[in-house]
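**Q** Contents of query-v6.cif (mmCIF, C-alpha atoms) are given next:
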```
data_protein
#
loop_
_atom_site.label_atom_id
_atom_site.label_comp_id
_atom_site.auth_asym_id
_atom_site.auth_seq_id
_atom_site.Cartn_x
_atom_site.Cartn_y
_atom_site.Cartn_z
CA MET B 21 44.63 153.61 181.07
CA SER B 22 43.64 156.76 179.26
CA ASP B 23 40.25 157.49 177.77
CA THR B 24 41.92 158.42 174.49
CA SER B 25 43.63 155.06 174.01
CA THR B 26 40.46 153.20 174.93
CA ALA B 27 38.41 155.18 172.43
CA ALA B 28 40.97 154.66 169.68
CA ALA B 29 40.91 150.88 170.17
CA GLU B 30 37.14 150.58 170.30
CA VAL B 31 35.35 149.08 167.33
CA PHE B 32 31.62 149.55 167.11
CA ALA B 33 30.94 146.89 164.49
CA ASP B 34 32.85 143.70 163.72
CA SER B 35 32.89 141.73 160.52
CA VAL B 36 30.58 138.73 160.58
CA LYS B 37 31.28 135.76 158.37
CA GLY B 38 29.11 135.78 155.26
CA VAL B 39 28.39 132.08 155.61
CA LEU B 40 26.93 132.69 159.06
CA ILE B 41 24.73 135.49 157.76
CA ALA B 42 23.60 133.21 154.94
CA LYS B 43 22.79 130.39 157.36
CA SER B 44 20.76 132.75 159.51
CA VAL B 45 18.89 133.97 156.45
CA ALA B 46 18.17 130.41 155.30
CA ALA B 47 16.96 129.51 158.79
CA THR B 48 14.12 132.03 158.49
CA GLY B 49 12.52 129.90 155.79
CA ALA B 50 12.78 132.65 153.19
CA THR B 51 12.02 131.27 149.72
CA HIS B 52 13.41 134.09 147.56
CA ILE B 53 15.91 136.92 147.96
CA ILE B 54 15.45 139.92 145.71
CA CYS B 55 18.91 141.40 145.60
CA ILE B 56 20.48 144.67 144.62
CA PRO B 57 24.02 143.95 145.76
CA ASP B 58 25.80 145.72 148.61
CA THR B 59 29.52 145.83 149.23
CA ASN B 60 29.18 145.05 152.94
CA LEU B 61 27.26 141.90 152.08
CA LYS B 62 29.56 140.67 149.31
CA SER B 63 30.60 137.46 151.07
CA ALA B 64 27.08 136.86 152.38
CA ILE B 65 25.70 137.14 148.84
CA GLU B 66 28.29 134.65 147.66
CA ALA B 67 27.30 132.23 150.43
CA LEU B 68 23.62 132.73 149.61
CA HIS B 69 24.23 131.17 146.20
CA GLY B 70 25.06 127.85 147.87
CA PRO B 71 22.87 124.75 148.07
CA GLY B 72 19.79 124.94 150.26
CA MET B 73 19.64 128.70 150.05
CA PRO B 74 16.63 130.79 148.93
CA LYS B 75 16.30 131.48 145.23
CA MET B 76 18.26 134.61 144.30
CA ILE B 77 16.61 137.17 142.01
CA TYR B 78 18.65 140.16 140.91
CA ALA B 79 16.66 143.32 140.17
CA CYS B 80 17.77 146.61 138.66
CA THR B 81 16.42 148.84 141.43
CA GLU B 82 15.16 148.62 144.99
CA ASP B 83 11.76 149.90 143.81
CA GLU B 84 11.49 146.80 141.64
CA ALA B 85 12.57 144.63 144.54
CA VAL B 86 9.70 145.88 146.71
CA GLY B 87 7.22 145.08 143.94
CA ILE B 88 8.66 141.65 143.17
CA ASN B 89 8.67 140.86 146.89
CA ALA B 90 4.97 141.74 147.05
CA GLY B 91 4.10 139.68 143.99
CA LEU B 92 5.81 136.64 145.44
CA TYR B 93 4.03 137.20 148.76
CA MET B 94 0.64 137.38 147.05
CA THR B 95 1.31 134.02 145.43
CA GLY B 96 2.13 132.29 148.69
CA HIS B 97 5.90 132.60 148.91
CA ARG B 98 8.08 134.02 151.67
CA PRO B 99 10.48 136.45 149.98
CA MET B 100 12.89 139.03 151.38
CA MET B 101 15.16 141.78 150.09
CA LEU B 102 18.92 142.30 150.28
CA ILE B 103 19.92 145.90 149.63
CA GLN B 104 22.26 148.74 150.60
CA ASN B 105 21.62 151.76 152.84
CA ASN B 106 21.58 154.04 149.78
CA GLY B 107 19.04 151.72 148.16
CA MET B 108 16.75 151.92 151.15
CA LEU B 109 16.53 155.66 150.65
CA ALA B 110 15.92 155.13 146.94
CA CYS B 111 12.79 153.04 147.44
CA LEU B 112 10.99 154.90 150.21
CA ASN B 113 7.87 155.55 148.14
CA THR B 114 7.36 151.89 147.32
CA ILE B 115 8.05 150.95 150.93
CA LYS B 116 5.37 153.46 151.88
CA ALA B 117 2.80 152.28 149.33
CA ILE B 118 3.40 148.54 149.22
CA ALA B 119 5.11 147.39 152.42
CA LEU B 120 3.33 149.80 154.77
CA ASP B 121 0.00 150.80 153.19
CA ALA B 122 -0.66 147.52 151.35
CA LYS B 123 0.51 145.47 154.35
CA VAL B 124 3.09 143.27 152.69
CA PRO B 125 5.76 141.55 154.82
CA THR B 126 8.99 143.07 153.56
CA PHE B 127 12.08 141.97 155.44
CA MET B 128 15.18 143.84 154.32
CA LEU B 129 18.76 142.82 155.02
CA ILE B 130 20.54 146.16 154.61
CA GLY B 131 24.27 146.73 154.31
CA GLN B 132 25.47 149.86 156.12
CA TYR B 133 27.81 150.75 153.24
CA GLY B 134 30.52 153.28 154.04
CA ARG B 135 30.22 153.05 157.81
CA ASP B 136 33.37 153.84 159.78
CA VAL B 137 33.18 151.07 162.37
CA LYS B 138 35.58 152.90 164.68
CA LEU B 139 33.01 155.61 165.22
CA PRO B 140 29.54 155.52 166.68
CA ILE B 141 26.97 155.66 163.88
CA GLU B 142 25.84 159.16 164.82
CA LYS B 143 29.42 160.40 164.41
CA ASN B 144 30.01 158.86 160.98
CA LYS B 145 30.89 161.24 158.17
CA LEU B 146 28.50 159.76 155.64
CA ARG B 147 25.00 161.18 155.86
CA VAL B 148 23.42 157.93 154.67
CA VAL B 149 25.06 156.03 157.54
CA ARG B 150 23.91 158.56 160.12
CA LEU B 151 20.40 158.89 158.76
CA LEU B 152 19.43 155.34 157.78
CA GLU B 153 18.06 154.42 161.20
CA PRO B 154 16.36 157.79 161.83
CA THR B 155 14.74 157.45 158.40
CA LEU B 156 13.45 153.98 159.23
CA ASP B 157 12.18 155.33 162.56
CA THR B 158 10.38 158.17 160.80
CA TRP B 159 8.49 155.70 158.64
CA GLY B 160 7.83 153.26 161.47
CA VAL B 161 10.04 150.52 160.08
CA PRO B 162 11.39 148.40 162.96
CA HIS B 163 15.08 147.60 162.66
CA TRP B 164 17.85 145.73 164.40
CA ARG B 165 21.62 146.00 164.11
CA LEU B 166 23.88 143.15 163.15
CA ASP B 167 27.20 144.49 164.41
CA ALA B 168 28.76 141.25 165.64
CA GLU B 169 28.28 137.50 165.49
CA LYS B 170 26.25 137.65 168.70
CA ASP B 171 23.65 139.70 166.78
CA LEU B 172 22.92 137.03 164.16
CA GLY B 173 19.67 136.18 165.94
CA ASN B 174 18.40 139.63 164.99
CA ILE B 175 17.83 138.36 161.45
CA GLN B 176 15.16 135.97 162.72
CA ILE B 177 13.74 138.62 165.05
CA ALA B 178 13.40 141.15 162.24
CA TRP B 179 11.97 138.50 159.89
CA ASP B 180 9.36 137.47 162.46
CA ARG B 181 8.40 141.09 163.02
CA ALA B 182 7.73 141.67 159.32
CA TRP B 183 5.37 138.70 159.26
CA ALA B 184 3.72 139.59 162.55
CA ASP B 185 3.10 143.17 161.44
CA LEU B 186 2.50 142.43 157.74
CA GLY B 187 4.89 145.25 157.02
CA PRO B 188 8.53 146.18 156.57
CA SER B 189 11.40 145.43 158.91
CA ALA B 190 15.17 145.56 158.65
CA ALA B 191 18.35 143.96 159.90
CA ILE B 192 21.30 146.27 159.32
CA VAL B 193 24.75 144.79 158.77
CA GLY B 194 27.23 147.28 160.19
CA ALA B 195 30.57 146.05 158.86
CA PRO B 196 31.70 144.24 155.72
CA SER B 197 31.02 140.52 156.03
CA ASN B 198 34.03 138.26 155.59
CA MET L 4 -7.62 153.48 120.15
CA LEU L 5 -9.84 154.59 123.01
CA LYS L 6 -8.75 153.50 126.46
CA HIS L 7 -12.12 151.99 127.27
CA LYS L 8 -12.12 150.00 124.03
CA ALA L 9 -8.68 148.59 124.83
CA VAL L 10 -9.87 147.57 128.28
CA GLU L 11 -12.94 145.93 126.76
CA ILE L 12 -10.78 143.87 124.39
CA ILE L 13 -8.35 142.74 127.11
CA ALA L 14 -11.25 141.83 129.40
CA ALA L 15 -12.85 139.77 126.65
CA HIS L 16 -9.70 137.69 126.23
CA ARG L 17 -8.44 137.59 129.83
CA LYS L 18 -9.99 134.25 130.82
CA GLU L 19 -8.31 132.99 134.03
CA ALA L 20 -5.31 135.31 133.98
CA ILE L 21 -4.26 137.29 137.03
CA SER L 22 -4.34 141.00 136.30
CA VAL L 23 -2.39 143.98 137.59
CA ALA L 24 -3.56 147.49 136.69
CA THR L 25 -2.28 150.96 137.40
CA MET L 26 -2.99 154.64 136.90
CA GLN L 27 -5.78 155.50 134.43
CA ALA L 28 -6.21 151.95 133.18
CA ALA L 29 -7.27 150.81 136.65
CA ALA L 30 -10.67 152.48 136.99
CA PRO L 31 -12.01 151.30 133.61
CA TRP L 32 -10.67 147.81 134.37
CA HIS L 33 -12.73 147.76 137.56
CA LYS L 34 -15.72 149.27 135.77
CA ALA L 35 -15.52 146.39 133.31
CA GLY L 36 -15.88 144.00 136.26
CA GLN L 37 -12.27 142.81 136.08
CA GLY L 38 -11.12 143.98 139.51
CA LYS L 39 -13.09 141.55 141.64
CA ASP L 40 -11.01 138.37 141.51
CA PHE L 41 -7.37 137.48 140.85
CA HIS L 42 -6.52 141.14 140.55
CA VAL L 43 -4.45 143.82 142.25
CA ASP L 44 -3.91 147.49 141.47
CA ALA L 45 -0.55 149.18 141.85
CA SER L 46 -1.82 152.09 143.93
CA ALA L 47 0.23 155.10 145.06
CA CYS L 48 3.39 153.47 143.74
CA MET L 49 3.48 154.71 140.15
CA GLY L 50 5.87 152.54 138.17
CA SER L 51 5.45 149.38 140.24
CA ALA L 52 2.89 147.52 138.12
CA SER L 53 5.51 145.69 136.08
CA SER L 54 7.48 144.64 139.16
CA LEU L 55 4.35 143.46 140.98
CA GLY L 56 3.37 141.51 137.90
CA LEU L 57 6.82 139.95 137.65
CA GLY L 58 6.67 138.78 141.25
CA ILE L 59 3.23 137.29 140.67
CA ALA L 60 4.33 135.62 137.44
CA LEU L 61 7.37 134.06 139.10
CA GLY L 62 5.31 132.98 142.09
CA ALA L 63 2.45 131.47 140.11
CA PRO L 64 3.96 130.08 136.90
CA GLN L 65 0.81 128.05 136.28
CA LYS L 66 -1.25 131.22 135.79
CA LYS L 67 -0.99 133.83 133.07
CA VAL L 68 -0.36 137.37 134.32
CA ILE L 69 -1.57 140.43 132.41
CA VAL L 70 -0.18 143.82 133.45
CA LEU L 71 -2.07 146.94 132.36
CA ASP L 72 0.67 149.56 132.58
CA GLY L 73 0.93 153.21 131.58
CA ASP L 74 3.67 154.74 129.47
CA GLY L 75 4.62 157.34 132.05
CA SER L 76 4.37 154.68 134.71
CA LEU L 77 6.64 152.21 132.94
CA LEU L 78 9.19 154.96 132.38
CA MET L 79 9.45 155.28 136.17
CA GLN L 80 10.74 151.71 136.47
CA LEU L 81 12.10 151.25 132.96
CA GLY L 82 14.81 148.97 134.32
CA SER L 83 12.07 146.47 135.09
CA LEU L 84 12.10 145.58 131.39
CA VAL L 85 15.62 144.25 131.87
CA THR L 86 14.74 142.42 135.10
CA ILE L 87 11.72 140.85 133.39
CA GLY L 88 13.76 139.96 130.32
CA ALA L 89 16.36 138.31 132.52
CA GLN L 90 13.81 136.30 134.51
CA ALA L 91 11.90 135.51 131.32
CA PRO L 92 8.59 134.40 132.84
CA ARG L 93 6.67 132.57 130.11
CA ASN L 94 3.35 133.58 131.67
CA PHE L 95 3.95 137.34 131.66
CA PHE L 96 2.06 139.69 129.32
CA HIS L 97 2.80 143.38 129.60
CA ILE L 98 0.28 145.72 127.99
CA VAL L 99 1.26 149.39 127.96
CA PHE L 100 -1.39 152.07 127.52
CA SER L 101 0.62 154.68 125.64
CA ASN L 102 -1.18 157.99 125.41
CA GLY L 103 2.01 160.03 125.53
CA HIS L 104 0.91 161.98 128.56
CA TYR L 105 0.75 161.93 132.34
CA GLU L 106 -3.03 161.73 132.26
CA SER L 107 -3.60 161.71 136.02
CA SER L 108 -1.79 164.96 136.66
CA GLY L 109 -3.24 166.97 133.78
CA ASN L 110 -1.93 165.47 130.56
CA GLN L 111 1.59 166.83 130.61
CA PRO L 112 3.75 165.16 127.92
CA ILE L 113 5.98 162.27 128.93
CA PRO L 114 9.72 162.62 128.28
CA GLY L 115 10.91 161.37 124.93
CA LEU L 116 7.48 161.39 123.37
CA GLY L 117 7.83 160.15 119.81
CA VAL L 118 11.52 159.41 120.26
CA PHE L 119 11.77 156.10 122.10
CA SER L 120 10.00 152.81 121.44
CA PHE L 121 8.76 150.44 124.14
CA VAL L 122 8.69 147.68 121.53
CA ALA L 123 12.36 148.19 120.71
CA LEU L 124 13.29 148.55 124.38
CA ALA L 125 11.45 145.37 125.36
CA LYS L 126 13.04 143.36 122.57
CA ALA L 127 16.48 144.67 123.47
CA ALA L 128 15.81 143.81 127.11
CA GLY L 129 15.15 140.17 126.33
CA TYR L 130 11.35 139.94 126.02
CA ALA L 131 10.30 137.01 123.88
CA GLY L 132 8.18 139.34 121.79
CA ALA L 133 6.88 142.88 121.51
CA GLU L 134 4.24 144.38 119.26
CA SER L 135 2.35 147.64 118.90
CA PHE L 136 -1.23 148.32 117.91
CA SER L 137 -3.06 151.53 117.07
CA GLN L 138 -6.33 150.07 115.79
CA ALA L 139 -8.75 148.32 118.12
CA ASP L 140 -9.83 145.78 115.51
CA ASP L 141 -6.26 144.71 114.87
CA PHE L 142 -5.59 144.38 118.58
CA ASP L 143 -8.76 142.39 119.13
CA LYS L 144 -7.86 139.93 116.38
CA ALA L 145 -4.26 139.51 117.50
CA LEU L 146 -4.61 139.32 121.27
CA PRO L 147 -5.80 135.69 121.62
CA GLY L 148 -2.84 134.51 119.57
CA ILE L 149 -0.41 136.63 121.57
CA LEU L 150 -1.75 135.30 124.86
CA GLY L 151 -1.25 131.80 123.51
CA ARG L 152 2.47 132.39 123.00
CA GLN L 153 5.27 132.14 125.52
CA GLY L 154 6.14 135.34 127.31
CA PRO L 155 7.35 137.67 128.35
CA ILE L 156 5.59 139.69 125.70
CA LEU L 157 5.02 143.45 125.62
CA ILE L 158 2.11 145.01 123.76
CA ASP L 159 2.30 148.76 123.19
CA LEU L 160 -1.13 150.28 122.58
CA ALA L 161 -1.48 153.72 121.01
CA ILE L 162 -4.20 155.18 123.20
CA GLU L 163 -5.99 158.46 122.44
CA ARG L 164 -5.48 161.29 124.89
CA ASP L 165 -8.32 161.50 127.40
CA ASP L 166 -9.14 164.86 128.97
CA ALA L 167 -11.80 163.52 131.29
CA LYS L 168 -11.32 163.95 135.02
CA PRO L 169 -8.99 161.23 136.36
CA ALA L 170 -10.79 158.35 138.05
CA TRP L 171 -9.58 155.90 140.68
CA PRO L 172 -11.04 152.60 141.85
CA GLY L 173 -10.85 153.76 145.47
CA ILE L 174 -10.11 150.31 146.86
CA PRO L 175 -7.24 150.16 149.37
CA MET L 176 -4.32 148.19 147.95
CA ALA L 177 -4.09 146.23 151.21
CA GLN L 178 -7.60 144.92 150.57
CA MET L 179 -6.69 143.82 147.06
CA VAL L 180 -3.46 142.17 148.23
CA ALA L 181 -5.36 140.16 150.84
CA LYS L 182 -8.04 139.24 148.29
CA LEU L 183 -5.52 138.04 145.71
CA ARG L 184 -3.79 135.93 148.34
CA ALA L 185 -7.17 134.43 149.23
CA ASP L 186 -7.93 133.82 145.56
CA MET L 187 -4.61 132.00 145.33
CA GLY L 188 -5.51 129.86 148.35
CA PHE L 189 -3.35 131.58 150.97
#
```
Using structure tokens, write down the structure that the file contains.

**A**
Amino acid sequence: MSDTSTAAAEVFADSVKGVLIAKSVAATGATHIICIPDTNLKSAIEALHGPGMPKMIYACTEDEAVGINAGLYMTGHRPMMLIQNNGMLACLNTIKAIALDAKVPTFMLIGQYGRDVKLPIEKNKLRVVRLLEPTLDTWGVPHWRLDAEKDLGNIQIAWDRAWADLGPSAAIVGAPSN
Amino acid sequence: MLKHKAVEIIAAHRKEAISVATMQAAAPWHKAGQGKDFHVDASACMGSASSLGLGIALGAPQKKVIVLDGDGSLLMQLGSLVTIGAQAPRNFFHIVFSNGHYESSGNQPIPGLGVFSFVALAKAAGYAGAESFSQADDFDKALPGILGRQGPILIDLAIERDDAKPAWPGIPMAQMVAKLRADMGF
């Protein structure tokens, strides 16, 4: 066995069935999903339109999603966001002001769009893939990876953390759902 | 129309509505005693008032929601007009204080001043109605009827430029979020 062949065969994130992601999301008790679609989460989004799923609200931008999430929270609902890694960077100011400073539970299911799953994240070519987690760390946003079916429980863990902290949290889907 | 006069008129007709205020409409709204209950400011997130108001309107369809927005602020999340139009909350009333300037930062002109129309944009985005007012008396007479209609409705107010020092309510947004939740019974 050579190190080279082992490295070439290794996959750092597997596809997870979208229906399983959707079931895990529904199990949190989320009432609404404010969605700006992500390619990695295409099949999960499709499954989230099924019966018994949270109400889906499409917004134009992630900034809007943070605000809508907060408005629903203030009126007694349990919303969440579904966005892309690029979108997370786009809404940092509203995350800062609303999720962090105003203490609003803001659970984000984030698709790691563009990730090469055959490389460790830190060796990916795309800057957004490499820097998503360090950016979340910088802002004190706790996050968990969802890189395989065994990680599905991280959705509940991240959800619970947002509500325990009254702040943001994230579960990051590493490969396209199928 | 003077900003403080516009605030006075909205306050007089607010009744039980939830309010959201931002930028230089917020301090006069608080000064008029409107920030105590069923209210939240969009603080340090310029542009978010409309989105916050939409979330509240969707979450509490039994209550009217009045958003006191700024023109520069709304331009920062202009797409929210489309999101609001698509969701079409009947209880959503969006009042834009249009003074044509970024008042808080020193009255620099907003982009597109005199070129675009919030009324036209809102109508094209799917709002149920949109109107503009430049005279306080006209606004005062029309507002009760507008608030009796089904939203979402946008009201564009032509507000005179104010060169006074910017003022802020100084209440942490977290405190207002918790208070509004308590007012709503949560």

**Q** List the neighbours of L:Ala128 out to 10 Å using all atoms listed in the file; skip same-chain residues closer than 4 positions along the sequence, and give me the result as a list of chain:residue names.

**A** L:Gly82, L:Ser83, L:Leu84, L:Val85, L:Thr86, L:Ile87, L:Gly88, L:Ala89, L:Val122, L:Ala123, L:Leu124

**Q** Enumerate as a ChimeraX atom specification the residues belonging to chain B that approach chain L to within 12 Å, with only C-alpha atoms taken into account.

**A** /B:51-56,75-100,111-125,186-187

**Q** Here's the selection I'm unsure about, the PyMOL selection byres ((chain B and resi 127-129) around 9); applied to the file above, which residues does it give, as a PyMOL selection string?

**A** chain B and resi 45+99-104+108+125-126+130-131+175+178-183+187-193

**Q** My list of candidates is B:Arg147, B:Arg135, B:Lys62, B:His69. Which is closest to B:Val36 when distances are computed with only C-alpha atoms?

**A**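 Ranked by minimum distance to B:Val36, first place goes to B:Lys62.
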
**Q** With the PyMOL selection byres ((chain L and resi 32) around 9) as the selection, what would be picked from this file? Answer as a ChimeraX atom specification, please.

**A** /L:7,10-11,14,24,28-31,33-38,71,172

**Q** Distance atom CA of B:Gly107-atom CA of B:Pro57, one decimal place?

**A** 9.5 Å

**Q** Just how far from atom CA of B:Pro74 is atom CA of B:Ala168, in Å to one decimal?

**A** 23.1 Å

**Q** List the residues selected by the PyMOL selection byres ((chain L and resi 42) around 6) in the file shown, writing them as a list in words.

**A**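 With the shown file as input, the PyMOL selection byres ((chain L and resi 42) around 6) matches Ile21, Ser22, Val23, Gly38, Asp40, Phe41 and Val43 of chain L.
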
**Q** Between atom CA of L:Gly151 and atom CA of L:Ala125, what is the spacing in Å?

**A** 18.7 Å

**Q** Nearest residue to L:Phe119 out of L:Ile98, L:Leu78, L:Ala133, L:Ala139, using only C-alpha atoms?

**A**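 Of L:Ile98, L:Leu78, L:Ala133, L:Ala139, the one nearest L:Phe119, counting only C-alpha atoms, is L:Leu78.
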
**Q** Select from stretch 80-125 of chain L every residue with an atom at most 9 Å from any atom of stretch 154-160 of chain L, then for each give the shortest pair of atoms and their distance in Å to one decimal, using all atoms listed in the file, rows by chain and rising number, as JSON lines.

**A**
```
{"residue": "L:Ile87", "atom": "CA", "partner": "L:Pro155", "partner_atom": "CA", "distance": 7.4}
{"residue": "L:Gly88", "atom": "CA", "partner": "L:Pro155", "partner_atom": "CA", "distance": 7.1}
{"residue": "L:Ala91", "atom": "CA", "partner": "L:Pro155", "partner_atom": "CA", "distance": 5.8}
{"residue": "L:Pro92", "atom": "CA", "partner": "L:Pro155", "partner_atom": "CA", "distance": 5.7}
{"residue": "L:Arg93", "atom": "CA", "partner": "L:Gly154", "partner_atom": "CA", "distance": 4.0}
{"residue": "L:Asn94", "atom": "CA", "partner": "L:Gly154", "partner_atom": "CA", "distance": 5.5}
{"residue": "L:Phe95", "atom": "CA", "partner": "L:Pro155", "partner_atom": "CA", "distance": 4.8}
{"residue": "L:Phe96", "atom": "CA", "partner": "L:Ile156", "partner_atom": "CA", "distance": 5.1}
{"residue": "L:His97", "atom": "CA", "partner": "L:Leu157", "partner_atom": "CA", "distance": 4.6}
{"residue": "L:Ile98", "atom": "CA", "partner": "L:Ile158", "partner_atom": "CA", "distance": 4.7}
{"residue": "L:Val99", "atom": "CA", "partner": "L:Asp159", "partner_atom": "CA", "distance": 4.9}
{"residue": "L:Phe100", "atom": "CA", "partner": "L:Leu160", "partner_atom": "CA", "distance": 5.3}
{"residue": "L:Ser101", "atom": "CA", "partner": "L:Leu160", "partner_atom": "CA", "distance": 5.6}
{"residue": "L:Asn102", "atom": "CA", "partner": "L:Leu160", "partner_atom": "CA", "distance": 8.2}
{"residue": "L:Ser120", "atom": "CA", "partner": "L:Asp159", "partner_atom": "CA", "distance": 8.9}
{"residue": "L:Phe121", "atom": "CA", "partner": "L:Asp159", "partner_atom": "CA", "distance": 6.7}
{"residue": "L:Val122", "atom": "CA", "partner": "L:Asp159", "partner_atom": "CA", "distance": 6.7}
{"residue": "L:Ala125", "atom": "CA", "partner": "L:Leu157", "partner_atom": "CA", "distance": 6.7}
```

**Q** Just the residues within 10 Å of B:Arg150, please, counting only C-alpha atoms, with nothing from its chain fewer than 5 positions along; format it as a ChimeraX atom specification.

**A** /B:132,135,140-145,155

**Q** Give, as JSON, the centre coordinates and the x, y and z edge lengths in Å to one decimal for an axis-aligned box around all listed atoms of stretch 89-94 of chain B, padded by 4 Å on each side.

**A**
```
{"center_x": 4.7, "center_y": 139.2, "center_z": 146.4, "size_x": 16.0, "size_y": 13.1, "size_z": 12.8}
```

**Q** Find the spatial neighbours of L:Met4, counting only C-alpha atoms, within a cut-off of 8 Å - ignore same-chain residues fewer than 5 positions away - and output them as a list in words.

**A**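 Those residues are Ala9, Ser137, Gln138, Ala139, Leu160, Ala161, Ile162 and Glu163 of chain L.
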
**Q** Would you save the residues of that selection, restricted to C-alpha atoms, as a short mmCIF file (atom, residue, chain, number, x, y, z; two decimals), in the frame of the given file?

**A**
```
data_model
loop_
_atom_site.label_atom_id
_atom_site.label_comp_id
_atom_site.auth_asym_id
_atom_site.auth_seq_id
_atom_site.Cartn_x
_atom_site.Cartn_y
_atom_site.Cartn_z
CA ALA L 9 -8.68 148.59 124.83
CA SER L 137 -3.06 151.53 117.07
CA GLN L 138 -6.33 150.07 115.79
CA ALA L 139 -8.75 148.32 118.12
CA LEU L 160 -1.13 150.28 122.58
CA ALA L 161 -1.48 153.72 121.01
CA ILE L 162 -4.20 155.18 123.20
CA GLU L 163 -5.99 158.46 122.44
#
```

**Q** Could you name the residues that touch L:Asp166 at 9 Å or less, counting all atoms listed in the file, but leaving out those on the same chain fewer than 2 positions away, as a list of chain:residue names?

**A**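 Surrounding residues, per the criterion: L:Glu106, L:Gly109, L:Asn110, L:Arg164, L:Lys168, L:Pro169.
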
**Q** May I ask which of the residues B:Gly173, B:Gly194, B:Gly70, B:Gly160 is the closest one to B:Leu139, counting all atoms listed in the file?

**A**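 Residue with the minimum atom-to-atom distance to B:Leu139: B:Gly194.
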
**Q** Hey, which of B:Gln176, B:Thr158, B:Asn60, B:Asn105 ends up closest to B:Asp34? Count all atoms listed in the file.

**A**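 The answer is B:Asn60, which sits nearest to B:Asp34.
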